[in-house]
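With CSV, C-alpha atoms inside, this is entry-v5.csv:
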chain,number,residue,atom,x,y,z
A,1,MET,CA,-64.1,79.1,172.9
A,2,LYS,CA,-63.9,81.1,169.7
A,3,ARG,CA,-65.9,80.2,166.7
A,4,ALA,CA,-64.1,79.4,163.5
A,5,PHE,CA,-65.4,80.6,160.1
A,6,ILE,CA,-65.7,78.7,156.9
A,7,PHE,CA,-66.0,81.0,154.0
A,8,SER,CA,-68.1,78.9,151.5
A,9,MET,CA,-67.6,81.5,148.8
A,10,ASP,CA,-63.8,81.1,149.0
A,11,ALA,CA,-64.0,77.3,148.9
A,12,PHE,CA,-66.3,77.5,145.9
A,13,LEU,CA,-64.0,79.9,144.0
A,14,ALA,CA,-61.0,77.6,144.8
A,15,ILE,CA,-62.8,74.6,143.3
A,16,VAL,CA,-63.8,76.6,140.3
A,17,LEU,CA,-60.2,77.7,139.7
A,18,PHE,CA,-59.0,74.1,140.1
A,19,VAL,CA,-61.5,72.7,137.6
A,20,LEU,CA,-60.6,75.5,135.2
A,21,VAL,CA,-56.9,74.6,135.4
A,22,ILE,CA,-57.6,70.9,134.8
A,23,PHE,CA,-59.8,71.8,131.8
A,24,LEU,CA,-57.2,74.1,130.3
A,25,ILE,CA,-54.5,71.4,130.7
A,26,TYR,CA,-56.6,68.9,128.7
A,27,THR,CA,-57.7,71.5,126.1
A,28,PHE,CA,-54.2,72.8,125.3
A,29,SER,CA,-52.3,69.6,125.4
A,30,ILE,CA,-51.5,68.8,121.8
A,31,SER,CA,-50.3,65.6,120.4
A,32,LEU,CA,-47.7,66.2,117.7
A,33,SER,CA,-47.9,63.5,115.0
A,34,GLY,CA,-44.7,64.3,113.3
A,35,LEU,CA,-44.2,64.7,109.6
A,36,ASN,CA,-44.5,61.0,108.7
A,37,GLN,CA,-47.6,61.5,106.5
A,38,GLN,CA,-46.0,64.3,104.5
A,39,TYR,CA,-42.9,62.3,104.0
A,40,PHE,CA,-44.8,59.3,102.8
A,41,PHE,CA,-47.0,61.4,100.4
A,42,SER,CA,-44.1,63.1,98.8
A,43,ASP,CA,-41.9,60.0,98.4
A,44,ASP,CA,-44.7,57.8,97.2
A,45,LEU,CA,-45.9,60.4,94.7
A,46,LEU,CA,-42.4,60.8,93.2
A,47,THR,CA,-42.0,57.0,93.0
A,48,THR,CA,-45.3,56.5,91.1
A,49,LEU,CA,-44.7,59.4,88.8
A,50,SER,CA,-41.2,58.0,88.1
A,51,GLU,CA,-42.3,54.4,87.5
A,52,VAL,CA,-45.8,54.6,85.9
A,53,LYS,CA,-46.0,55.0,82.1
A,54,ILE,CA,-48.8,56.9,80.4
A,55,ASN,CA,-50.0,53.8,78.5
A,56,GLU,CA,-50.5,52.0,81.9
A,57,LEU,CA,-53.2,54.4,83.0
A,58,ASP,CA,-56.9,53.9,82.3
A,59,LEU,CA,-57.5,57.1,80.3
A,60,ASN,CA,-61.2,57.1,81.2
A,61,SER,CA,-60.1,58.0,84.7
A,62,TYR,CA,-57.7,60.7,83.5
A,63,PRO,CA,-59.7,62.8,81.0
A,64,ARG,CA,-57.1,65.7,80.9
A,65,ILE,CA,-54.3,63.3,80.0
A,66,ASN,CA,-56.6,61.7,77.5
A,67,GLN,CA,-57.3,65.1,75.9
A,68,LEU,CA,-53.6,65.9,75.7
A,69,ILE,CA,-53.1,62.7,73.7
A,70,ILE,CA,-56.1,63.5,71.5
A,71,ASP,CA,-54.7,67.0,70.9
A,72,GLY,CA,-51.4,65.5,69.9
A,73,LYS,CA,-49.5,67.2,72.7
A,74,ILE,CA,-48.5,63.8,74.1
A,75,LYS,CA,-47.0,61.8,71.2
A,76,ASP,CA,-45.4,58.9,73.0
A,77,THR,CA,-47.4,57.1,75.6
A,78,ASP,CA,-44.7,54.6,76.4
A,79,ILE,CA,-42.8,57.0,78.6
A,80,LYS,CA,-43.1,57.6,82.2
A,81,LEU,CA,-45.3,60.4,83.6
A,82,VAL,CA,-42.4,62.4,85.0
A,83,GLU,CA,-40.6,62.2,81.7
A,84,GLN,CA,-43.6,63.5,79.8
A,85,MET,CA,-43.9,66.4,82.3
A,86,ILE,CA,-40.3,67.3,81.6
A,87,VAL,CA,-40.7,67.0,77.9
A,88,LEU,CA,-43.7,69.3,77.9
A,89,GLU,CA,-42.0,71.8,80.2
A,90,SER,CA,-38.9,71.8,78.1
A,91,ARG,CA,-41.0,72.7,75.1
A,92,GLY,CA,-42.4,75.6,77.0
A,93,ASP,CA,-45.8,74.0,77.3
A,94,HIS,CA,-46.2,74.7,80.9
A,95,THR,CA,-50.0,74.4,80.8
A,96,SER,CA,-50.0,70.8,79.5
A,97,ALA,CA,-47.3,69.7,82.0
A,98,SER,CA,-49.5,71.2,84.8
A,99,LEU,CA,-52.6,69.4,83.5
A,100,ILE,CA,-50.9,66.1,83.8
A,101,THR,CA,-49.9,66.8,87.4
A,102,GLU,CA,-53.3,68.1,88.3
A,103,ASP,CA,-55.1,65.1,86.8
A,104,ILE,CA,-53.0,62.7,88.9
A,105,ILE,CA,-52.8,64.6,92.2
A,106,ASN,CA,-56.4,65.9,92.4
A,107,LYS,CA,-57.7,62.4,92.6
A,108,ILE,CA,-55.4,61.4,95.5
A,109,ASN,CA,-54.5,64.5,97.4
A,110,GLN,CA,-57.4,64.8,99.8
A,111,ASN,CA,-56.0,66.7,102.7
A,112,MET,CA,-52.4,67.7,101.9
A,113,ASN,CA,-50.9,71.0,100.9
A,114,ALA,CA,-48.5,70.0,98.1
A,115,ALA,CA,-46.5,71.7,95.4
A,116,VAL,CA,-44.7,70.0,92.5
A,117,TYR,CA,-41.8,71.5,90.7
A,118,VAL,CA,-39.8,70.6,87.6
A,119,GLY,CA,-36.5,72.3,88.3
A,120,ASP,CA,-37.6,75.6,89.8
A,121,ILE,CA,-40.8,75.8,87.8
A,122,ARG,CA,-43.9,75.1,89.8
A,123,LEU,CA,-46.4,72.7,88.0
A,124,TYR,CA,-48.9,72.2,90.8
A,125,GLY,CA,-50.0,73.8,94.0
A,126,ASN,CA,-49.3,77.1,95.8
A,127,ASP,CA,-46.0,78.6,96.7
A,128,PRO,CA,-45.2,77.2,100.2
A,129,GLY,CA,-44.2,80.7,101.4
A,130,ASN,CA,-43.6,80.9,105.1
A,131,VAL,CA,-44.8,77.6,106.6
A,132,THR,CA,-43.8,76.1,109.9
A,133,ASN,CA,-43.0,72.7,108.6
A,134,ILE,CA,-42.1,71.6,105.1
A,135,ILE,CA,-41.0,68.3,103.6
A,136,THR,CA,-39.1,68.3,100.3
A,137,ARG,CA,-38.3,65.3,98.3
A,138,ALA,CA,-36.5,65.3,94.9
A,139,ARG,CA,-35.7,62.8,92.2
A,140,LEU,CA,-33.4,63.1,89.2
A,141,ALA,CA,-35.3,62.5,86.0
A,142,VAL,CA,-34.6,62.7,82.3
A,143,GLY,CA,-36.9,63.6,79.4
A,144,ARG,CA,-36.2,63.8,75.8
A,145,ARG,CA,-37.5,66.8,73.9
B,1,MET,CA,-47.5,94.8,171.1
B,2,PHE,CA,-47.8,91.4,169.4
B,3,LYS,CA,-51.1,89.7,169.0
B,4,ARG,CA,-51.1,86.0,169.3
B,5,ALA,CA,-52.1,84.0,166.2
B,6,GLN,CA,-54.6,81.2,166.4
B,7,VAL,CA,-54.6,77.9,164.5
B,8,TRP,CA,-57.7,75.8,164.5
B,9,TYR,CA,-56.6,72.2,164.3
B,10,THR,CA,-59.8,71.2,162.4
B,11,ASP,CA,-59.3,73.9,159.8
B,12,PHE,CA,-55.7,72.7,159.4
B,13,LEU,CA,-56.7,69.1,158.8
B,14,ILE,CA,-59.4,70.1,156.3
B,15,GLY,CA,-57.0,72.3,154.4
B,16,LEU,CA,-54.4,69.5,154.4
B,17,LEU,CA,-57.0,67.0,153.1
B,18,ILE,CA,-58.1,69.4,150.3
B,19,LEU,CA,-54.4,69.9,149.3
B,20,ILE,CA,-53.8,66.1,149.2
B,21,VAL,CA,-56.9,65.6,147.1
B,22,ILE,CA,-56.0,68.3,144.7
B,23,THR,CA,-52.4,67.1,144.4
B,24,PHE,CA,-53.7,63.6,143.7
B,25,ILE,CA,-56.1,64.7,141.0
B,26,PHE,CA,-53.5,66.9,139.3
B,27,THR,CA,-50.9,64.2,139.3
B,28,ARG,CA,-53.4,61.7,137.8
B,29,THR,CA,-54.2,64.2,135.1
B,30,ILE,CA,-50.6,64.7,134.1
B,31,LEU,CA,-49.9,61.0,134.1
B,32,ASP,CA,-53.0,60.4,132.0
B,33,LEU,CA,-51.8,62.9,129.4
B,34,ASN,CA,-48.3,61.3,129.2
B,35,SER,CA,-49.7,57.8,128.8
B,36,ARG,CA,-52.1,59.0,126.1
B,37,GLU,CA,-49.1,60.7,124.3
B,38,ASP,CA,-47.1,57.4,124.6
B,39,ARG,CA,-50.0,55.4,123.2
B,40,PHE,CA,-50.3,57.8,120.2
B,41,GLN,CA,-46.5,57.6,119.5
B,42,GLU,CA,-46.7,53.8,119.7
B,43,LEU,CA,-49.5,53.7,117.2
B,44,ILE,CA,-47.7,56.1,114.8
B,45,ASN,CA,-44.5,54.0,115.0
B,46,ASP,CA,-46.4,50.8,114.5
B,47,GLY,CA,-48.5,52.3,111.7
B,48,SER,CA,-45.4,53.4,109.8
B,49,SER,CA,-43.9,50.0,110.2
B,50,ILE,CA,-47.1,48.3,108.9
B,51,ALA,CA,-47.3,50.7,106.0
B,52,ASN,CA,-43.7,50.2,105.0
B,53,SER,CA,-44.3,46.4,105.1
B,54,PHE,CA,-47.2,46.7,102.8
B,55,MET,CA,-45.3,49.0,100.5
B,56,SER,CA,-42.5,46.4,100.2
B,57,GLN,CA,-42.2,43.4,98.0
B,58,GLY,CA,-43.5,40.3,99.8
B,59,TYR,CA,-41.1,37.4,100.6
B,60,ASN,CA,-41.8,33.7,100.6
B,61,LYS,CA,-45.6,34.2,100.2
B,62,GLU,CA,-46.0,30.4,100.1
B,63,THR,CA,-45.0,30.3,103.8
B,64,TRP,CA,-47.5,33.0,104.9
B,65,VAL,CA,-50.1,30.2,105.6
B,66,ASN,CA,-47.8,28.2,107.8
B,67,ASP,CA,-48.3,27.8,111.5
B,68,PRO,CA,-46.4,29.9,112.6
B,69,PRO,CA,-46.3,32.0,109.4
B,70,ALA,CA,-43.0,32.9,107.9
B,71,GLY,CA,-41.7,35.3,105.3
B,72,ARG,CA,-42.6,39.0,104.9
B,73,LEU,CA,-46.0,40.4,104.1
B,74,GLY,CA,-45.9,43.0,101.3
B,75,PHE,CA,-47.4,43.6,97.9
B,76,VAL,CA,-45.9,46.7,96.4
B,77,LYS,CA,-42.8,47.0,94.3
B,78,ASP,CA,-41.6,50.3,92.7
B,79,GLY,CA,-44.9,51.9,93.6
B,80,ARG,CA,-47.0,49.2,91.8
B,81,MET,CA,-49.3,46.7,93.4
B,82,ILE,CA,-48.3,43.1,92.8
B,83,LYS,CA,-51.4,41.1,92.1
B,84,GLY,CA,-50.0,37.7,93.1
B,85,ASP,CA,-48.8,39.0,96.5
B,86,PHE,CA,-52.0,40.9,97.2
B,87,ASP,CA,-54.0,37.8,96.3
B,88,ALA,CA,-52.0,35.8,98.8
B,89,PHE,CA,-52.7,38.4,101.5
B,90,LEU,CA,-56.4,38.4,100.5
B,91,SER,CA,-56.5,34.6,100.8
B,92,LEU,CA,-55.1,34.8,104.3
B,93,LEU,CA,-57.9,37.2,105.3
B,94,ASN,CA,-60.6,35.2,103.5
B,95,ASN,CA,-59.5,32.0,105.4
B,96,ASN,CA,-59.8,33.6,108.8
B,97,SER,CA,-56.1,34.0,109.2
B,98,TYR,CA,-56.0,37.7,110.1
B,99,GLU,CA,-53.9,36.8,113.2
B,100,LYS,CA,-51.2,35.4,110.9
B,101,THR,CA,-51.0,38.7,109.1
B,102,ARG,CA,-50.5,40.4,112.4
B,103,ILE,CA,-47.7,38.0,113.2
B,104,LEU,CA,-46.1,38.6,109.7
B,105,LEU,CA,-46.4,42.4,110.2
B,106,GLY,CA,-44.9,42.1,113.7
B,107,THR,CA,-47.6,44.1,115.4
B,108,ARG,CA,-49.8,43.7,118.4
B,109,ASN,CA,-52.2,46.4,117.2
B,110,ASP,CA,-55.1,45.9,114.8
B,111,TYR,CA,-55.4,47.4,111.4
B,112,ILE,CA,-57.7,47.8,108.4
B,113,LEU,CA,-56.7,48.8,104.9
B,114,TYR,CA,-58.5,50.1,101.9
B,115,PHE,CA,-57.9,51.7,98.5
B,116,GLU,CA,-59.4,55.0,97.6
B,117,TYR,CA,-59.6,56.8,94.3
B,118,ASN,CA,-61.2,60.2,94.0
B,119,GLY,CA,-62.8,59.8,97.4
B,120,ASN,CA,-64.4,56.4,96.6
B,121,LYS,CA,-63.3,53.0,97.9
B,122,ILE,CA,-62.2,50.4,95.4
B,123,SER,CA,-63.5,46.9,95.6
B,124,TYR,CA,-61.5,43.8,94.8
B,125,GLY,CA,-62.0,40.2,95.8
B,126,GLY,CA,-65.6,40.8,97.0
B,127,ARG,CA,-64.7,43.4,99.6
B,128,ASN,CA,-63.4,47.0,99.8
B,129,VAL,CA,-61.9,47.0,103.3
B,130,TYR,CA,-59.2,44.5,104.3
B,131,GLY,CA,-57.9,43.6,107.7
B,132,LYS,CA,-59.7,43.0,111.0
B,133,TYR,CA,-63.0,44.3,109.8
B,134,ASN,CA,-64.9,44.5,106.5
B,135,ASP,CA,-66.2,48.0,107.2
B,136,VAL,CA,-64.6,51.1,108.5
B,137,SER,CA,-67.6,51.9,110.7
B,138,GLN,CA,-66.8,48.8,112.7
B,139,VAL,CA,-63.6,50.4,114.1
B,140,ILE,CA,-64.4,51.5,117.6
B,141,ALA,CA,-61.3,52.5,119.6
B,142,ASP,CA,-60.0,55.1,122.0
B,143,ASN,CA,-57.1,55.9,119.7
B,144,THR,CA,-56.7,55.4,116.0
B,145,ILE,CA,-54.1,56.5,113.5
B,146,LYS,CA,-54.6,56.8,109.8
B,147,LEU,CA,-51.8,56.7,107.3
B,148,THR,CA,-52.1,57.1,103.5
B,149,ARG,CA,-49.7,55.8,101.0
B,150,ILE,CA,-49.9,56.2,97.2
B,151,VAL,CA,-49.7,53.2,94.8
B,152,TYR,CA,-50.3,52.3,91.2
B,153,TYR,CA,-53.4,50.0,91.3
B,154,ASN,CA,-54.2,47.7,88.4
B,155,LEU,CA,-55.8,44.8,90.2
B,156,ASP,CA,-59.1,45.5,88.4
B,157,ASN,CA,-57.4,46.1,85.1
B,158,SER,CA,-58.0,49.9,85.2
B,159,GLY,CA,-54.6,51.4,86.0
B,160,ARG,CA,-54.9,54.2,88.4
B,161,ILE,CA,-52.8,56.0,91.0
B,162,VAL,CA,-54.7,55.6,94.2
B,163,ASP,CA,-54.5,56.1,97.9
B,164,MET,CA,-53.8,53.1,100.1
B,165,VAL,CA,-55.3,54.0,103.5
B,166,ILE,CA,-54.2,52.1,106.6
B,167,ILE,CA,-56.0,52.6,109.9
B,168,ILE,CA,-54.3,51.3,113.0
B,169,PHE,CA,-56.1,51.0,116.3
Kindly present the structure from the file in C-alpha cells form.
Amino acid sequence: MKRAFIFSMDAFLAIVLFVLVIFLIYTFSISLSGLNQQYFFSDDLLTTLSEVKINELDLNSYPRINQLIIDGKIKDTDIKLVEQMIVLESRGDHTSASLITEDIINKINQNMNAAVYVGDIRLYGNDPGNVTNIITRARLAVGRR
Amino acid sequence: MFKRAQVWYTDFLIGLLILIVITFIFTRTILDLNSREDRFQELINDGSSIANSFMSQGYNKETWVNDPPAGRLGFVKDGRMIKGDFDAFLSLLNNNSYEKTRILLGTRNDYILYFEYNGNKISYGGRNVYGKYNDVSQVIADNTIKLTRIVYYNLDNSGRIVDMVIIIF
C-alpha cells in the first residue's frame, strides 16, 4: 500500500489566500449613499436665503451682516437675504455680497463642499473644477439696485 | 508508455469537504454584504421620507394625539420652523407618545432629531435632542444614517439659519 502525503504548507497557504480574499471583499465593498444630502443642502439653503429677511436674523449671531448694516452698505433690512446679495453684487460690491454668504453658510456648512453663485459670479466656495459628482440647484431672484 | 494515475479516496473526500466549506463561507459573505447594502438603502429611503415630513407643514395637529394618530407630522413651511406645530410635536414626545410620531411618519425605524448652530446643539422645551432618546450617545445601532436639513429657527426668539440633524437607526 502506498503512502499518501499531506503537504501542510500547501494547506496553510490555501487557507491564508482564502482569508485574504474574504478580507479584501469586506474592505473594498463600498456602500454608495447617493446624492440625497447634497440635494437637500443646496435646495434648503436656496429656500432659506430666498425666504428669510435680514431683519429676521439675530444680528448678534451674524456679526459680518451686522457690520455691513453699521457701515451703511445694507440700507434696507426688510428685504430677503438673496435680494440683498443681488443688490450688492449689482453695485459691484462683491466683497459685501460674499460676506453675507459666508456669515450664513460658515455656521451651517460643516462637511459640505459648496459654492454659491449669483449669475456666473461666485460669492462663496471654491470652483468645483473636475469633480466626480455635482448637484446644482438654481432659483430666479430679483433685487433692486 | 503510460503510467497509471492514482486517486486516494480519502484525499478526494477531504478535498471535496474543504471545497464545500469554502463555498459555503464565500456565499455567506456575499449574502451578508448584499443584506447590509439593502439595510443601508432602506435607512436612506426612510430617512429621506422622515426628513421631508418634518420639512413640510403639519396637517391636523389636533389629531396627532388620537389613538390611532391622524394627520401629517411636520413643522416647517417655506424653510421656517412653525412654533405651534413644533410645540405639538414636542408635546407628543413629552407625553411618552414617541410611537405615535413613528406612526405619523410612517416608519418602522427609530429616529432622533436635533438643531445645531455653529457646531452647538440648540435647546428648546427643556431638551436639545428629540425623538426616541434625549441624548445622541444613547443611540447604539449596527447601522445609522444621518441627514441634515437647513431651516430658519426662531423658537427661542433669536432668528438663525441652523442645521436640523436627523439620525435614523
TODO: Kindly give the distance, in Å, that separates atom CA of Ile105 of chain A and atom CA of Val82 of chain A, rounded to a single decimal.
DONE: 12.8 Å
TODO: Please return, as a PyMOL selection string, all polymer residues that have at least one atom within 7 Å of the point (-60.6, 69.6, 139.7); use all atoms listed in the file and the file's own coordinate frame.
DONE: (chain A and resi 15+18-19+22) or (chain B and resi 22+25)
Export, as a PDB file, in the frame of the given file, the selected residues with C-alpha atoms.
ATOM      1  CA  ILE A  15     -62.800  74.600 143.300  1.00  0.00           C
ATOM      2  CA  PHE A  18     -59.000  74.100 140.100  1.00  0.00           C
ATOM      3  CA  VAL A  19     -61.500  72.700 137.600  1.00  0.00           C
ATOM      4  CA  ILE A  22     -57.600  70.900 134.800  1.00  0.00           C
TER       5      ILE A  22
ATOM      6  CA  ILE B  22     -56.000  68.300 144.700  1.00  0.00           C
ATOM      7  CA  ILE B  25     -56.100  64.700 141.000  1.00  0.00           C
TER       8      ILE B  25
END
Give me, as a tab-separated table, the closest atom pair and its distance (Å, one decimal) for every residue of chain B within a cut-off of 10 Å of chain A, counting only C-alpha atoms, rows sorted by chain and rising number.
residue	atom	partner	partner_atom	distance
B:Gln6	CA	A:Lys2	CA	9.9
B:Val7	CA	A:Ala4	CA	9.7
B:Trp8	CA	A:Ala4	CA	7.4
B:Thr10	CA	A:Ala4	CA	9.3
B:Asp11	CA	A:Ala4	CA	8.2
B:Ile18	CA	A:Ile15	CA	9.9
B:Ile22	CA	A:Phe18	CA	8.0
B:Ile25	CA	A:Ile22	CA	8.9
B:Phe26	CA	A:Ile22	CA	7.3
B:Thr29	CA	A:Ile22	CA	7.5
B:Ile30	CA	A:Ile25	CA	8.5
B:Asp32	CA	A:Tyr26	CA	9.8
B:Leu33	CA	A:Tyr26	CA	7.7
B:Asn34	CA	A:Ser29	CA	10.0
B:Arg36	CA	A:Ser31	CA	8.9
B:Glu37	CA	A:Ser31	CA	6.4
B:Asp38	CA	A:Ser31	CA	9.8
B:Phe40	CA	A:Ser31	CA	7.8
B:Gln41	CA	A:Ser33	CA	7.6
B:Ile44	CA	A:Ser33	CA	7.4
B:Asn45	CA	A:Asn36	CA	9.4
B:Ser48	CA	A:Asn36	CA	7.7
B:Ala51	CA	A:Phe40	CA	9.5
B:Asn52	CA	A:Phe40	CA	9.4
B:Met55	CA	A:Asp44	CA	9.4
B:Asp78	CA	A:Glu51	CA	6.7
B:Gly79	CA	A:Thr48	CA	5.3
B:Arg80	CA	A:Thr48	CA	7.5
B:Glu116	CA	A:Ile108	CA	7.8
B:Tyr117	CA	A:Lys107	CA	6.2
B:Asn118	CA	A:Lys107	CA	4.4
B:Gly119	CA	A:Lys107	CA	7.5
B:Asn120	CA	A:Lys107	CA	9.8
B:Ile145	CA	A:Ser33	CA	9.5
B:Lys146	CA	A:Gln37	CA	9.1
B:Leu147	CA	A:Gln37	CA	6.4
B:Thr148	CA	A:Gln37	CA	7.0
B:Arg149	CA	A:Phe41	CA	6.2
B:Ile150	CA	A:Asp44	CA	5.4
B:Val151	CA	A:Thr48	CA	6.6
B:Tyr152	CA	A:Thr48	CA	6.5
B:Tyr153	CA	A:Leu57	CA	9.4
B:Asn154	CA	A:Glu56	CA	8.6
B:Asn157	CA	A:Asp58	CA	8.3
B:Ser158	CA	A:Asp58	CA	5.1
B:Gly159	CA	A:Leu57	CA	4.5
B:Arg160	CA	A:Leu57	CA	5.7
B:Ile161	CA	A:Ile104	CA	7.0
B:Val162	CA	A:Ile108	CA	6.0
B:Asp163	CA	A:Ile108	CA	5.9
B:Met164	CA	A:Ile108	CA	9.6
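Take atom CA of Val76 of chain B and atom CA of Phe54 of chain B: the distance between them is 6.5 Å.
Atom to atom, atom CA of Lys83 of chain B and atom CA of Leu155 of chain B stand 6.1 Å apart.
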TODO: Using only C-alpha atoms, collect all residues at a distance of at most 6 Å from (-45.0, 55.2, 81.6) as written in the file, then present them as an MDAnalysis selection string.
DONE: chainID A and resid 52:54 78:81
What would the file look like if the residues just selected were written as a compact mmCIF listing (two decimals), in the coordinates of the input with C-alpha atoms?
# COMPACT_ATOMS: atom_id res chain seq x y z
CA VAL A 52 -45.80 54.60 85.90
CA LYS A 53 -46.00 55.00 82.10
CA ILE A 54 -48.80 56.90 80.40
CA ASP A 78 -44.70 54.60 76.40
CA ILE A 79 -42.80 57.00 78.60
CA LYS A 80 -43.10 57.60 82.20
CA LEU A 81 -45.30 60.40 83.60
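Among the candidate residues B:Phe24, B:Ile112, B:Ser35, B:Gly58, the one lying nearest to Phe86 of chain B is B:Gly58, with distances computed using all atoms listed in the file.
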Where atoms are absent from segment 104-123 of chain B, fill them in so it carries N, CA and C atoms, then output it as a short mmCIF file (atom, residue, chain, number, x, y, z; two decimals), in the coordinates of the input.
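And here's part_5.cif as it stands now:
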data_model
loop_
_atom_site.label_atom_id
_atom_site.label_comp_id
_atom_site.auth_asym_id
_atom_site.auth_seq_id
_atom_site.Cartn_x
_atom_site.Cartn_y
_atom_site.Cartn_z
N LEU B 104 -47.03 38.29 110.83
CA LEU B 104 -46.10 38.60 109.70
C LEU B 104 -45.71 40.09 109.76
N LEU B 105 -46.65 40.94 110.17
CA LEU B 105 -46.40 42.40 110.20
C LEU B 105 -45.62 42.74 111.52
N GLY B 106 -45.60 41.83 112.47
CA GLY B 106 -44.90 42.10 113.70
C GLY B 106 -45.57 43.15 114.58
N THR B 107 -46.91 43.13 114.61
CA THR B 107 -47.60 44.10 115.40
C THR B 107 -48.57 43.50 116.36
N ARG B 108 -48.81 44.19 117.48
CA ARG B 108 -49.80 43.70 118.40
C ARG B 108 -51.08 44.61 118.33
N ASN B 109 -51.02 45.61 117.44
CA ASN B 109 -52.20 46.40 117.20
C ASN B 109 -53.02 45.85 116.05
N ASP B 110 -54.25 46.32 115.93
CA ASP B 110 -55.10 45.90 114.80
C ASP B 110 -55.05 46.90 113.70
N TYR B 111 -55.47 46.48 112.53
CA TYR B 111 -55.40 47.40 111.40
C TYR B 111 -56.54 47.03 110.40
N ILE B 112 -56.88 48.03 109.59
CA ILE B 112 -57.70 47.80 108.40
C ILE B 112 -57.00 48.58 107.26
N LEU B 113 -57.32 48.17 106.05
CA LEU B 113 -56.70 48.80 104.90
C LEU B 113 -57.69 48.87 103.78
N TYR B 114 -57.68 49.98 103.05
CA TYR B 114 -58.50 50.10 101.90
C TYR B 114 -57.91 51.00 100.86
N PHE B 115 -58.40 50.89 99.63
CA PHE B 115 -57.90 51.70 98.50
C PHE B 115 -58.96 52.71 98.13
N GLU B 116 -58.49 53.90 97.83
CA GLU B 116 -59.40 55.00 97.60
C GLU B 116 -58.98 55.75 96.34
N TYR B 117 -59.93 56.01 95.44
CA TYR B 117 -59.60 56.80 94.30
C TYR B 117 -60.73 57.87 94.14
N ASN B 118 -60.31 59.11 94.10
CA ASN B 118 -61.20 60.20 94.00
C ASN B 118 -62.31 60.19 95.05
N GLY B 119 -61.92 59.79 96.25
CA GLY B 119 -62.80 59.80 97.40
C GLY B 119 -63.71 58.53 97.48
N ASN B 120 -63.57 57.60 96.54
CA ASN B 120 -64.40 56.40 96.60
C ASN B 120 -63.54 55.15 96.82
N LYS B 121 -64.05 54.25 97.64
CA LYS B 121 -63.30 53.00 97.90
C LYS B 121 -63.37 52.10 96.71
N ILE B 122 -62.32 51.35 96.52
CA ILE B 122 -62.20 50.40 95.40
C ILE B 122 -62.44 49.02 95.88
N SER B 123 -63.26 48.28 95.16
CA SER B 123 -63.50 46.90 95.60
C SER B 123 -62.67 45.93 94.76
#
